[in-house]
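J.: Contents of input02.cif (mmCIF, C-alpha atoms and all ligand atoms) are given next:
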```cif
data_entry
#
loop_
_atom_site.label_atom_id
_atom_site.label_comp_id
_atom_site.auth_asym_id
_atom_site.auth_seq_id
_atom_site.Cartn_x
_atom_site.Cartn_y
_atom_site.Cartn_z
CA MET A 1 -52.44 -41.99 -87.73
CA LYS A 2 -49.55 -43.30 -89.86
CA ARG A 3 -49.91 -46.90 -91.06
CA GLU A 4 -47.12 -49.00 -89.57
CA THR A 5 -45.11 -51.09 -92.02
CA VAL A 6 -44.54 -54.79 -91.41
CA THR A 7 -42.14 -57.58 -92.38
CA ILE A 8 -43.21 -61.14 -91.57
CA LEU A 9 -40.35 -63.64 -91.34
CA GLY A 10 -41.99 -67.05 -91.80
CA ALA A 11 -45.17 -65.67 -93.41
CA THR A 12 -46.39 -69.03 -94.72
CA GLY A 13 -46.42 -70.72 -91.31
CA SER A 14 -49.10 -70.88 -88.66
CA ILE A 15 -48.04 -67.64 -86.92
CA GLY A 16 -47.36 -65.91 -90.26
CA GLU A 17 -50.85 -66.72 -91.57
CA SER A 18 -52.49 -65.60 -88.32
CA THR A 19 -50.52 -62.34 -88.47
CA LEU A 20 -51.75 -61.67 -92.00
CA ASP A 21 -55.29 -62.43 -90.86
CA VAL A 22 -55.04 -59.76 -88.12
CA ILE A 23 -53.41 -57.27 -90.50
CA GLY A 24 -56.20 -57.94 -93.03
CA ARG A 25 -58.74 -56.92 -90.37
CA ASN A 26 -56.87 -53.68 -89.65
CA PRO A 27 -55.85 -52.30 -93.07
CA LYS A 28 -55.86 -48.70 -91.83
CA SER A 29 -53.25 -49.51 -89.17
CA PHE A 30 -50.74 -51.76 -90.96
CA ARG A 31 -49.15 -52.20 -94.38
CA VAL A 32 -47.16 -55.30 -95.38
CA LEU A 33 -43.75 -54.54 -96.89
CA ALA A 34 -41.91 -57.88 -96.94
CA LEU A 35 -42.86 -61.54 -96.56
CA THR A 36 -40.56 -64.58 -96.33
CA ALA A 37 -40.83 -68.38 -96.52
CA ASN A 38 -38.51 -71.37 -96.76
CA HIS A 39 -39.87 -73.39 -99.68
CA ASN A 40 -43.60 -72.69 -100.09
CA THR A 41 -43.36 -70.43 -103.15
CA GLN A 42 -47.03 -70.71 -104.19
CA ARG A 43 -48.40 -69.66 -100.82
CA LEU A 44 -45.84 -66.87 -100.50
CA ALA A 45 -46.69 -65.51 -103.95
CA LYS A 46 -50.42 -65.51 -103.15
CA GLN A 47 -49.81 -63.65 -99.89
CA CYS A 48 -47.62 -61.08 -101.66
CA ALA A 49 -50.25 -60.51 -104.33
CA GLN A 50 -53.05 -60.19 -101.78
CA PHE A 51 -51.17 -57.75 -99.51
CA ASN A 52 -49.25 -55.88 -102.22
CA ALA A 53 -45.92 -56.73 -100.61
CA GLU A 54 -42.85 -54.93 -101.97
CA LEU A 55 -40.40 -57.75 -101.26
CA ALA A 56 -40.74 -61.55 -101.24
CA VAL A 57 -37.89 -63.68 -99.90
CA ILE A 58 -37.50 -67.42 -100.30
CA ALA A 59 -34.86 -68.83 -97.95
CA ASN A 60 -34.03 -71.72 -100.27
CA PRO A 61 -32.02 -70.04 -103.08
CA ALA A 62 -32.84 -72.86 -105.53
CA LEU A 63 -36.47 -71.71 -105.51
CA GLU A 64 -35.91 -68.07 -106.46
CA ASN A 65 -37.00 -68.54 -110.10
CA GLU A 66 -40.03 -70.57 -109.07
CA LEU A 67 -41.11 -67.71 -106.78
CA TYR A 68 -40.51 -65.17 -109.51
CA ASP A 69 -42.71 -67.17 -111.94
CA ALA A 70 -45.47 -67.64 -109.33
CA LEU A 71 -45.58 -63.88 -108.69
CA LYS A 72 -45.59 -63.12 -112.40
CA GLU A 73 -48.49 -65.47 -112.97
CA LEU A 74 -50.47 -63.56 -110.33
CA GLY A 75 -49.56 -60.20 -111.86
CA ALA A 76 -47.74 -59.10 -108.68
CA SER A 77 -44.93 -56.55 -108.99
CA THR A 78 -43.17 -57.78 -105.82
CA ALA A 79 -39.35 -57.82 -105.89
CA VAL A 80 -37.69 -61.18 -105.18
CA MET A 81 -34.67 -62.11 -103.08
CA SER A 82 -33.45 -65.40 -101.67
CA GLY A 83 -31.15 -67.03 -99.12
CA GLU A 84 -29.77 -65.58 -95.94
CA ALA A 85 -29.03 -62.22 -97.58
CA GLY A 86 -32.70 -61.93 -98.52
CA LEU A 87 -33.90 -62.76 -95.01
CA LEU A 88 -31.53 -60.21 -93.49
CA ALA A 89 -32.65 -57.57 -96.00
CA ALA A 90 -36.33 -58.19 -95.21
CA ALA A 91 -35.66 -57.97 -91.46
CA GLY A 92 -33.60 -54.79 -91.70
CA MET A 93 -35.43 -52.76 -94.40
CA PRO A 94 -35.06 -49.13 -93.28
CA GLU A 95 -38.70 -48.35 -94.05
CA VAL A 96 -40.02 -51.23 -91.90
CA ASP A 97 -41.41 -50.43 -88.42
CA ILE A 98 -42.45 -53.89 -87.22
CA VAL A 99 -40.84 -57.31 -87.75
CA MET A 100 -42.81 -60.43 -86.88
CA ALA A 101 -40.14 -63.08 -86.17
CA ALA A 102 -42.00 -66.32 -86.96
CA ILE A 103 -39.44 -68.61 -88.57
CA VAL A 104 -39.34 -71.95 -86.76
CA GLY A 105 -36.19 -73.07 -84.95
CA ALA A 106 -32.64 -71.78 -84.68
CA ALA A 107 -32.85 -70.98 -88.41
CA GLY A 108 -34.65 -67.81 -87.32
CA LEU A 109 -31.80 -66.48 -85.19
CA LYS A 110 -29.86 -64.30 -87.65
CA SER A 111 -32.83 -62.53 -89.20
CA THR A 112 -34.51 -61.98 -85.82
CA LEU A 113 -31.26 -60.56 -84.53
CA ARG A 114 -31.03 -58.27 -87.57
CA ALA A 115 -34.44 -56.85 -86.69
CA ALA A 116 -33.13 -56.08 -83.19
CA GLU A 117 -29.89 -54.58 -84.58
CA THR A 118 -31.89 -52.24 -86.78
CA GLY A 119 -34.05 -51.03 -83.91
CA LYS A 120 -37.39 -52.45 -85.05
CA LYS A 121 -40.42 -53.27 -82.98
CA VAL A 122 -39.68 -57.02 -82.84
CA LEU A 123 -42.69 -59.29 -82.38
CA LEU A 124 -41.05 -62.41 -81.06
CA ALA A 125 -42.64 -65.78 -81.88
CA ASN A 126 -39.31 -67.47 -82.67
CA LYS A 127 -38.57 -68.49 -79.07
CA GLU A 128 -35.53 -70.52 -80.14
CA SER A 129 -33.63 -67.25 -80.75
CA LEU A 130 -33.96 -66.34 -77.09
CA VAL A 131 -33.29 -69.88 -75.88
CA ILE A 132 -29.94 -70.10 -77.64
CA ALA A 133 -28.81 -66.47 -77.62
CA GLY A 134 -30.97 -64.78 -74.97
CA GLU A 135 -28.32 -62.62 -73.37
CA PHE A 136 -26.96 -61.31 -76.71
CA PHE A 137 -30.40 -60.80 -78.12
CA VAL A 138 -31.65 -58.74 -75.18
CA LEU A 139 -28.46 -56.67 -75.13
CA THR A 140 -28.60 -56.06 -78.89
CA ALA A 141 -32.21 -54.94 -78.65
CA ARG A 142 -31.43 -52.58 -75.76
CA GLN A 143 -28.37 -51.07 -77.45
CA ASN A 144 -30.26 -50.40 -80.67
CA GLY A 145 -33.53 -49.16 -79.22
CA ALA A 146 -35.52 -52.18 -80.44
CA ARG A 147 -38.71 -52.95 -78.53
CA VAL A 148 -39.21 -56.71 -78.11
CA LEU A 149 -42.84 -57.73 -77.69
CA PRO A 150 -43.62 -61.37 -76.88
CA VAL A 151 -46.01 -63.25 -79.15
CA ASP A 152 -45.88 -66.63 -77.41
CA SER A 153 -49.26 -66.67 -75.64
CA GLU A 154 -47.71 -67.32 -72.21
CA HIS A 155 -45.15 -64.54 -72.48
CA ASN A 156 -47.64 -62.17 -73.98
CA ALA A 157 -49.93 -62.94 -71.02
CA ILE A 158 -47.09 -62.31 -68.54
CA PHE A 159 -46.18 -59.07 -70.33
CA GLN A 160 -49.80 -57.94 -70.02
CA VAL A 161 -49.96 -58.52 -66.25
CA LEU A 162 -46.52 -57.22 -65.31
CA PRO A 163 -46.35 -53.58 -64.21
CA ALA A 164 -44.68 -50.91 -66.38
CA GLY A 165 -40.96 -50.72 -65.61
CA PHE A 166 -40.58 -54.42 -64.72
CA GLU A 167 -37.34 -54.36 -66.74
CA GLN A 168 -35.64 -52.63 -63.81
CA GLY A 169 -36.00 -55.86 -61.81
CA LEU A 170 -38.84 -58.17 -60.85
CA ALA A 171 -38.12 -57.88 -57.11
CA GLN A 172 -38.40 -54.10 -57.32
CA ALA A 173 -41.75 -54.55 -59.09
CA GLY A 174 -42.98 -56.71 -56.19
CA VAL A 175 -43.06 -59.90 -58.24
CA ASP A 176 -42.74 -63.15 -56.33
CA ARG A 177 -43.11 -65.74 -59.12
CA ILE A 178 -43.93 -66.07 -62.79
CA ILE A 179 -46.20 -69.05 -63.47
CA LEU A 180 -46.31 -70.35 -67.03
CA THR A 181 -49.31 -72.51 -67.79
CA ALA A 182 -49.06 -75.59 -70.03
CA SER A 183 -51.95 -77.52 -71.56
CA GLY A 184 -50.03 -80.78 -71.20
CA GLY A 185 -50.61 -81.55 -74.89
CA PRO A 186 -52.36 -84.57 -76.41
CA PHE A 187 -50.70 -87.18 -74.17
CA LEU A 188 -51.30 -85.64 -70.75
CA ASP A 189 -53.15 -88.68 -69.39
CA MET A 190 -52.04 -91.43 -71.78
CA PRO A 191 -50.44 -94.44 -69.99
CA THR A 192 -46.68 -93.88 -70.28
CA ASP A 193 -46.02 -97.36 -71.74
CA LYS A 194 -48.16 -96.33 -74.76
CA LEU A 195 -46.08 -93.21 -75.52
CA ARG A 196 -43.56 -95.24 -77.50
CA TRP A 197 -46.19 -96.00 -80.12
CA VAL A 198 -47.70 -92.58 -80.75
CA THR A 199 -47.55 -91.35 -84.35
CA PRO A 200 -46.53 -87.90 -85.70
CA ALA A 201 -50.19 -87.29 -86.62
CA GLN A 202 -51.28 -87.96 -83.03
CA ALA A 203 -48.48 -85.78 -81.64
CA CYS A 204 -49.44 -82.90 -83.96
CA ASN A 205 -53.11 -83.12 -83.01
CA HIS A 206 -53.06 -80.64 -80.12
CA PRO A 207 -56.29 -80.54 -78.11
CA ASN A 208 -56.51 -76.71 -77.92
CA TRP A 209 -54.08 -75.02 -80.33
CA ASP A 210 -53.62 -75.20 -84.08
CA MET A 211 -49.84 -74.82 -84.62
CA GLY A 212 -46.91 -75.78 -86.86
CA ARG A 213 -45.62 -79.36 -86.63
CA LYS A 214 -42.41 -78.70 -84.72
CA ILE A 215 -44.02 -76.73 -81.90
CA SER A 216 -46.89 -79.25 -81.78
CA VAL A 217 -44.43 -82.08 -81.05
CA ASP A 218 -42.64 -79.83 -78.54
CA SER A 219 -45.99 -79.29 -76.83
CA ALA A 220 -46.58 -83.04 -76.67
CA THR A 221 -43.18 -83.64 -74.97
CA LEU A 222 -43.45 -80.41 -72.91
CA MET A 223 -40.10 -79.33 -74.37
CA ASN A 224 -42.07 -76.34 -75.63
CA LYS A 225 -42.75 -75.33 -72.02
CA GLY A 226 -39.10 -75.86 -71.17
CA LEU A 227 -38.03 -73.60 -74.05
CA GLU A 228 -40.59 -71.07 -72.87
CA VAL A 229 -39.17 -71.07 -69.35
CA ILE A 230 -35.76 -70.17 -70.79
CA GLU A 231 -37.41 -67.58 -73.05
CA ALA A 232 -39.11 -66.02 -70.00
CA ARG A 233 -35.82 -65.93 -68.15
CA TRP A 234 -34.43 -63.51 -70.77
CA LEU A 235 -37.59 -61.62 -71.72
CA PHE A 236 -38.42 -60.70 -68.14
CA ASN A 237 -34.94 -60.74 -66.63
CA ALA A 238 -36.24 -63.44 -64.29
CA PRO A 239 -34.00 -65.49 -62.00
CA PRO A 240 -34.56 -69.26 -62.66
CA GLU A 241 -35.95 -69.81 -59.15
CA GLN A 242 -38.80 -67.37 -59.84
CA LEU A 243 -40.07 -69.37 -62.84
CA GLU A 244 -42.69 -72.10 -62.41
CA VAL A 245 -44.83 -74.28 -64.67
CA LEU A 246 -48.38 -75.37 -63.93
CA ILE A 247 -50.48 -77.74 -66.04
CA HIS A 248 -53.80 -76.18 -67.07
CA PRO A 249 -55.42 -78.47 -69.65
CA GLN A 250 -58.09 -75.99 -70.80
CA SER A 251 -55.61 -73.32 -72.09
CA ILE A 252 -57.85 -70.46 -70.95
CA VAL A 253 -55.47 -68.94 -68.40
CA HIS A 254 -52.42 -68.20 -70.53
CA SER A 255 -50.06 -67.49 -67.62
CA MET A 256 -49.89 -65.69 -64.28
CA VAL A 257 -47.75 -63.42 -62.17
CA ALA A 258 -47.77 -63.85 -58.38
CA TYR A 259 -46.94 -60.74 -56.36
CA ARG A 260 -45.37 -60.34 -52.94
CA ASP A 261 -48.67 -59.25 -51.36
CA GLY A 262 -50.40 -62.51 -52.34
CA SER A 263 -52.13 -61.20 -55.48
CA VAL A 264 -52.02 -63.45 -58.53
CA LEU A 265 -52.78 -61.73 -61.84
CA ALA A 266 -53.74 -63.86 -64.83
CA GLN A 267 -54.51 -63.14 -68.46
CA MET A 268 -57.30 -65.21 -70.01
CA GLY A 269 -58.74 -65.71 -73.45
CA THR A 270 -59.90 -68.21 -76.05
CA PRO A 271 -56.87 -70.23 -77.21
CA ASP A 272 -56.22 -68.45 -80.50
CA MET A 273 -52.83 -66.93 -81.38
CA ARG A 274 -54.49 -63.95 -83.02
CA THR A 275 -55.01 -62.42 -79.56
CA PRO A 276 -51.31 -62.17 -78.62
CA ILE A 277 -50.45 -61.27 -82.22
CA ALA A 278 -52.97 -58.41 -82.25
CA HIS A 279 -51.78 -57.26 -78.83
CA ALA A 280 -48.13 -57.17 -79.90
CA LEU A 281 -48.87 -55.61 -83.31
CA ALA A 282 -50.85 -52.71 -81.91
CA TRP A 283 -49.26 -52.33 -78.46
CA PRO A 284 -50.03 -50.21 -76.52
CA ARG A 285 -53.34 -49.88 -78.39
CA ARG A 286 -55.97 -52.65 -78.67
CA ILE A 287 -57.33 -53.73 -82.04
CA GLU A 288 -59.81 -56.23 -83.46
CA SER A 289 -58.31 -59.73 -83.76
CA GLY A 290 -61.21 -61.83 -85.04
CA VAL A 291 -60.94 -64.09 -81.97
CA LYS A 292 -64.08 -65.67 -80.50
CA ARG A 293 -64.98 -63.93 -77.23
CA LEU A 294 -64.35 -65.92 -74.06
CA ASN A 295 -67.57 -66.87 -72.28
CA LEU A 296 -66.50 -67.87 -68.78
CA SER A 297 -69.99 -69.07 -67.86
CA LEU A 298 -69.44 -71.93 -70.33
CA GLU A 299 -66.03 -72.82 -68.89
CA ASN A 300 -67.15 -74.85 -65.90
CA ASP A 301 -63.83 -76.59 -65.33
CA LEU A 302 -60.63 -74.54 -65.05
CA SER A 303 -58.16 -76.92 -63.42
CA PHE A 304 -54.48 -76.76 -62.48
CA ARG A 305 -51.92 -79.36 -61.43
CA GLN A 306 -48.19 -79.87 -61.08
CA PRO A 307 -46.32 -81.22 -64.15
CA ASP A 308 -45.20 -84.87 -63.95
CA LEU A 309 -41.47 -84.80 -64.76
CA ASP A 310 -41.31 -88.62 -65.16
CA ARG A 311 -43.89 -88.43 -67.92
CA PHE A 312 -42.33 -85.27 -69.41
CA PRO A 313 -38.51 -85.52 -68.94
CA CYS A 314 -37.95 -82.76 -71.53
CA LEU A 315 -39.27 -80.18 -69.07
CA GLY A 316 -36.70 -81.23 -66.46
CA LEU A 317 -33.92 -81.19 -69.08
CA ALA A 318 -34.80 -77.63 -70.05
CA PHE A 319 -34.80 -76.44 -66.43
CA GLU A 320 -31.40 -78.10 -66.03
CA ALA A 321 -30.05 -76.38 -69.17
CA MET A 322 -31.30 -73.03 -67.89
CA ARG A 323 -29.62 -73.49 -64.50
CA VAL A 324 -26.33 -74.65 -66.08
CA GLY A 325 -26.36 -71.80 -68.61
CA GLU A 326 -23.35 -71.28 -70.93
CA ASN A 327 -23.88 -73.42 -74.06
CA ALA A 328 -26.29 -75.89 -72.37
CA PRO A 329 -29.49 -74.29 -73.80
CA VAL A 330 -27.88 -74.27 -77.27
CA THR A 331 -27.14 -77.99 -76.96
CA LEU A 332 -30.63 -78.71 -75.63
CA ASN A 333 -32.32 -76.81 -78.45
CA ALA A 334 -30.19 -78.24 -81.27
CA ALA A 335 -30.55 -81.84 -80.05
CA ASN A 336 -34.29 -81.32 -79.69
CA GLU A 337 -34.67 -79.89 -83.21
CA VAL A 338 -32.86 -82.91 -84.67
CA ALA A 339 -34.84 -85.37 -82.53
CA VAL A 340 -38.21 -83.79 -83.39
CA ALA A 341 -37.40 -83.76 -87.13
CA ALA A 342 -36.37 -87.43 -86.89
CA PHE A 343 -39.61 -88.30 -85.08
CA LEU A 344 -41.68 -86.45 -87.70
CA GLU A 345 -39.86 -88.44 -90.39
CA GLU A 346 -40.64 -91.63 -88.39
CA ARG A 347 -36.96 -92.40 -87.91
CA ILE A 348 -37.20 -92.50 -84.12
CA LYS A 349 -39.99 -93.21 -81.64
CA PHE A 350 -41.68 -90.46 -79.66
CA ASN A 351 -40.17 -91.53 -76.32
CA ARG A 352 -36.69 -91.42 -77.87
CA ILE A 353 -36.87 -87.61 -78.10
CA PRO A 354 -36.06 -86.92 -74.41
CA SER A 355 -33.47 -89.69 -74.12
CA LEU A 356 -31.66 -88.46 -77.22
CA VAL A 357 -31.59 -84.88 -75.92
CA ASP A 358 -30.37 -86.14 -72.56
CA GLU A 359 -27.57 -88.20 -74.14
CA ILE A 360 -26.31 -85.21 -76.13
CA MET A 361 -26.42 -82.98 -73.07
CA GLN A 362 -24.44 -85.54 -71.05
CA ASP A 363 -22.01 -86.07 -73.92
CA LEU A 364 -21.08 -82.45 -74.72
CA ASP A 365 -18.96 -80.31 -72.41
CA VAL A 366 -20.33 -77.13 -70.90
CA SER A 367 -18.47 -74.21 -72.48
CA ALA A 368 -18.76 -70.46 -72.18
CA ILE A 369 -20.43 -68.49 -74.97
CA LYS A 370 -18.60 -65.31 -75.91
CA ASP A 371 -20.52 -64.25 -79.00
CA ILE A 372 -23.00 -65.30 -81.66
CA ASP A 373 -20.30 -67.24 -83.53
CA ASP A 374 -19.96 -69.42 -80.42
CA VAL A 375 -23.71 -69.96 -80.40
CA LEU A 376 -23.59 -71.11 -84.03
CA LYS A 377 -20.52 -73.30 -83.36
CA TYR A 378 -22.12 -75.16 -80.44
CA ASP A 379 -25.42 -75.40 -82.27
CA LYS A 380 -23.67 -77.14 -85.17
CA LEU A 381 -21.70 -79.43 -82.87
CA ALA A 382 -24.82 -80.60 -81.02
CA ARG A 383 -26.73 -81.09 -84.30
CA THR A 384 -23.93 -83.21 -85.76
CA ARG A 385 -23.78 -85.42 -82.66
CA ALA A 386 -27.56 -85.75 -82.52
CA LEU A 387 -27.73 -86.72 -86.20
CA GLU A 388 -25.06 -89.37 -85.61
CA LEU A 389 -27.18 -90.83 -82.80
CA VAL A 390 -30.31 -90.81 -84.98
CA LYS A 391 -28.43 -92.59 -87.79
CA ARG A 392 -26.85 -95.12 -85.46
CA LYS A 393 -30.07 -96.11 -83.73
CA SER A 394 -32.65 -95.84 -86.52
P1 LIG B 1 -44.57 -73.25 -89.02
O1 LIG B 1 -43.80 -74.49 -89.21
O2 LIG B 1 -46.05 -73.28 -89.18
O3 LIG B 1 -43.98 -72.09 -89.97
C1 LIG B 1 -42.62 -71.84 -90.02
C2 LIG B 1 -42.33 -70.72 -91.00
O4 LIG B 1 -40.90 -70.56 -91.09
C3 LIG B 1 -42.80 -70.99 -92.42
O5 LIG B 1 -43.07 -69.77 -93.07
C4 LIG B 1 -41.56 -71.65 -93.05
O6 LIG B 1 -41.56 -71.56 -94.48
C5 LIG B 1 -40.45 -70.84 -92.43
N1 LIG B 1 -39.19 -71.59 -92.32
C6 LIG B 1 -39.03 -72.85 -91.92
N2 LIG B 1 -37.72 -73.19 -91.93
C7 LIG B 1 -37.04 -72.11 -92.37
C8 LIG B 1 -35.68 -71.83 -92.64
N3 LIG B 1 -34.73 -72.78 -92.47
N4 LIG B 1 -35.34 -70.61 -93.09
C9 LIG B 1 -36.29 -69.66 -93.28
N5 LIG B 1 -37.59 -69.86 -93.06
C10 LIG B 1 -37.99 -71.06 -92.61
O7 LIG B 1 -44.19 -72.72 -87.55
P2 LIG B 1 -45.11 -71.93 -86.52
O8 LIG B 1 -45.75 -70.77 -87.19
O9 LIG B 1 -45.93 -72.87 -85.76
O10 LIG B 1 -43.99 -71.40 -85.49
C11 LIG B 1 -43.11 -70.35 -85.82
C12 LIG B 1 -42.39 -69.91 -84.55
O11 LIG B 1 -43.37 -69.39 -83.64
C13 LIG B 1 -41.71 -71.07 -83.80
O12 LIG B 1 -40.53 -70.61 -83.22
C14 LIG B 1 -42.70 -71.44 -82.72
O13 LIG B 1 -42.10 -71.99 -81.57
C15 LIG B 1 -43.31 -70.07 -82.41
N6 LIG B 1 -44.66 -70.14 -81.86
C16 LIG B 1 -45.67 -70.69 -82.60
C17 LIG B 1 -46.96 -70.78 -82.10
C18 LIG B 1 -48.09 -71.31 -82.92
O14 LIG B 1 -49.24 -71.27 -82.47
N7 LIG B 1 -47.86 -71.83 -84.10
C19 LIG B 1 -47.27 -70.30 -80.73
C20 LIG B 1 -46.14 -69.68 -80.08
C21 LIG B 1 -44.89 -69.62 -80.62
P3 LIG B 1 -42.27 -72.71 -95.40
O15 LIG B 1 -43.74 -72.60 -95.17
O16 LIG B 1 -41.88 -72.35 -96.77
O17 LIG B 1 -41.71 -74.02 -94.92
#
```
Please express the file's structure as structure tokens.
T.:
Amino acid sequence: MKRETVTILGATGSIGESTLDVIGRNPKSFRVLALTANHNTQRLAKQCAQFNAELAVIANPALENELYDALKELGASTAVMSGEAGLLAAAGMPEVDIVMAAIVGAAGLKSTLRAAETGKKVLLANKESLVIAGEFFVLTARQNGARVLPVDSEHNAIFQVLPAGFEQGLAQAGVDRIILTASGGPFLDMPTDKLRWVTPAQACNHPNWDMGRKISVDSATLMNKGLEVIEARWLFNAPPEQLEVLIHPQSIVHSMVAYRDGSVLAQMGTPDMRTPIAHALAWPRRIESGVKRLNLSLENDLSFRQPDLDRFPCLGLAFEAMRVGENAPVTLNAANEVAVAAFLEERIKFNRIPSLVDEIMQDLDVSAIKDIDDVLKYDKLARTRALELVKRKS
């Protein structure tokens, strides 16, 4: 069988590293062609040398020479590009079969979209692309024959338990509801008056998952689940009223689909992103992922409960943005990215994240989105307003 060729956008991050780990276990199935990072030149160079990558891209153009030197020192013959042009080139290389979209935040939109435009098998970790440009993204993928495979563990779980042909409509497939599970993060049971004082280190210390800093904070506020609900809306063509969230602190059941006849199908596994990554990489085959096998006899407490929207206002804000539509998810996402970055830099308190997002959503008008330029315009507008609020109050 032909080895499939892979680009990883965001190779130096948590998803990027896990993807390389899975590829390393399956060298007869996959070959790395291009790897990208934002500023971590040393790590990127090491990865390129180890996997014999043909192209290395550093998003920050000022670091192109540094990357070149790091590769030279390792004796790697990898070509170097930088900036947006480099990211787009890596995503659209004609000889690439699979693109893992694992850049964090809206910064991943253009390159992820390029992978869809060029008809790749797109492994989607960068949920923000779908949150802010879901309709365009799905349409672009369909028009160009790109297959989008979800990497987010919840969406990958849902994909695994949906029947073939679900794209024609969930009702036709007999689906009643899609239930996304959420661990509840590190502050699930912390008294709410203590939330103001939590530190970035505490917020990033997720009880079950080892992830990048932005998504870790999003998991602590449950904004991550809100973004995932919007992501599911586009990935599965799901009407908002068919999407539900259930807290499941053990992160063993990764999500469920409830059918009209009363059946509820769930996908389970040890919380390790290498399972959904391996599933998406090899789909429809199954390959070795290196993940510890789930031993259900040791899991004596699988519990579920409703999310508390007073404790986690970000989840309610995301549902509201999804129902409103238009530019509301763009505003939500941009304000959240600014607020999370400000919290990580200790410029605002943890409990300021939802109130800041709420203020920006109340402040900005709801406007129709006609194209990707509109998405970028409203993204910038919301970021500018959110930054002003951070500056004013910090
Ligand atoms: P990380 O922060 O660990 O990694 C982000 C990657 O993107 C790094 O390679 C980083 O480069 C690169 N990057 C950051 N900013 C830019 C930019 N402006 N332009 C180009 N590249 C950039 O993130 P994660 O791996 O945790 O998450 C990646 C995506 O996957 C997110 O959308 C997240 O929501 C999603 N996801 C992650 C999960 C996880 O378990 N981590 C689970 C499910 C979804 P550098 O290292 O140089 O900064």
J.: A:Phe30: which residues within 8 Å, counting only C-alpha atoms, same-chain residues fewer than 5 positions away excluded, as a PDB file with C-alpha atoms, keeping the file's coordinate frame?
T.:
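Generated file (result.pdb):
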```
ATOM      1  CA  ARG A   3     -49.910 -46.900 -91.060  1.00  0.00           C
ATOM      2  CA  GLU A   4     -47.120 -49.000 -89.570  1.00  0.00           C
ATOM      3  CA  THR A   5     -45.110 -51.090 -92.020  1.00  0.00           C
ATOM      4  CA  VAL A   6     -44.540 -54.790 -91.410  1.00  0.00           C
ATOM      5  CA  ILE A  23     -53.410 -57.270 -90.500  1.00  0.00           C
TER       6      ILE A  23
END
```
J.: A:Glu345: which residues within 12 Å, counting all atoms listed in the file, same-chain residues fewer than 6 positions away excluded, as a list of chain:residue names?
T.: A:Thr199, A:Pro200, A:Ala201, A:Arg213, A:Lys214, A:Val338, A:Ala339, A:Val390, A:Ser394
J.: Between atom CA of A:Val80 and atom CA of A:Leu67, measure the distance and give it in Å to one decimal.
T.: 7.5 Å
J.: Counting only C-alpha atoms, what is within 8 Å of stretch 239-256 of chain A, bar same-chain residues fewer than 2 positions away, as a ChimeraX atom specification?
T.: /A:153-155,157-158,161,176-185,208,225,229,232-233,237,258,264-271,301-307,322-323
J.: In Å, with one decimal, what is the gap from atom CA of A:Ala62 to atom CA of A:Gly83?
T.: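 Interatomic distance, atom CA of A:Ala62 to atom CA of A:Gly83: 8.8 Å.
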J.: Would you please work out which residue, of A:Gly24, A:Asn52, A:Gly13, A:Arg383, is nearest to A:His39 when using all atoms listed in the file?
T.: A:Gly13
J.: If we count only C-alpha atoms, what is near A:Val340 at a cut-off of 8 Å, once residues fewer than 4 positions away on the same chain are taken out, given as a ChimeraX atom specification?
T.: /A:214,217-218,336,344,353
J.: As AutoDock Vina command-line options, please report the centre and edge lengths, rounded to one decimal in Å, of the axis-aligned box that holds all listed atoms of ligand LIG 1 (chain B) with 6 Å of padding on each of the six sides.
T.:
```
--center_x -42.0 --center_y -71.9 --center_z -88.4 --size_x 26.5 --size_y 17.1 --size_z 28.7
```
J.: Using all atoms listed in the file, find each residue with an atom at most 7 Å away from ligand LIG 1 (chain B) and format the answer as JSON, numbers by chain.
T.: {"A": [9, 10, 11, 12, 13, 14, 15, 16, 36, 37, 38, 39, 40, 41, 59, 102, 103, 104, 105, 107, 108, 125, 126, 127, 128, 151, 152, 153, 209, 210, 211, 212, 213, 214, 215, 273]}
J.: Pick from A:Gln47, A:Thr112, A:Asn224, A:Gln168: nearest to A:Phe312, with only C-alpha atoms counted?
T.: A:Asn224
J.: Neighbouring residues of stretch 331-333 of chain A were defined as those with any atom within 9 Å, considering all atoms listed in the file; residues of the same chain fewer than 5 positions away were excluded. Please report them as a ChimeraX atom specification.
T.: /A:105-106,128,131-132,227,317-318,321,338,357-358,360-361,364,378-383
J.: For a test of reading the model, state the distance in Å between atom CA of A:Thr118 and atom CA of A:Tyr68, rounded to one decimal.
T.: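 A separation of 27.5 Å between them.
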J.: Give the answer as one residue: which of A:Asn327, A:Ala56, A:Thr7, A:Arg274 has the shortest atom-to-atom distance to A:Ala101, using all atoms listed in the file?
T.: A:Thr7
J.: Measuring between all atoms listed in the file, which one of A:Lys391, A:Glu228, A:Gln42, A:Leu63 shows the shortest distance to A:Ile348?
T.: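 Looking at the shortest contact to A:Ile348, the residue is A:Lys391.
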J.: Stretch 219-324 of chain A near stretch 136-148 of chain A within 12 Å: what's each residue's closest atom pair and its distance in Å to one decimal, counting all atoms listed in the file, ordered by chain then ascending residue number, as a tab-separated table?
T.:
```
residue	atom	partner	partner_atom	distance
A:Glu231	CA	A:Val138	CA	10.8
A:Ala232	CA	A:Val138	CA	11.6
A:Arg233	CA	A:Val138	CA	10.9
A:Trp234	CA	A:Val138	CA	7.1
A:Leu235	CA	A:Val138	CA	7.5
A:Phe236	CA	A:Val138	CA	10.0
A:Asn237	CA	A:Val138	CA	9.4
A:Ala280	CA	A:Val148	CA	9.1
A:Leu281	CA	A:Val148	CA	11.0
A:Trp283	CA	A:Arg147	CA	10.6
A:Pro284	CA	A:Arg147	CA	11.8
```
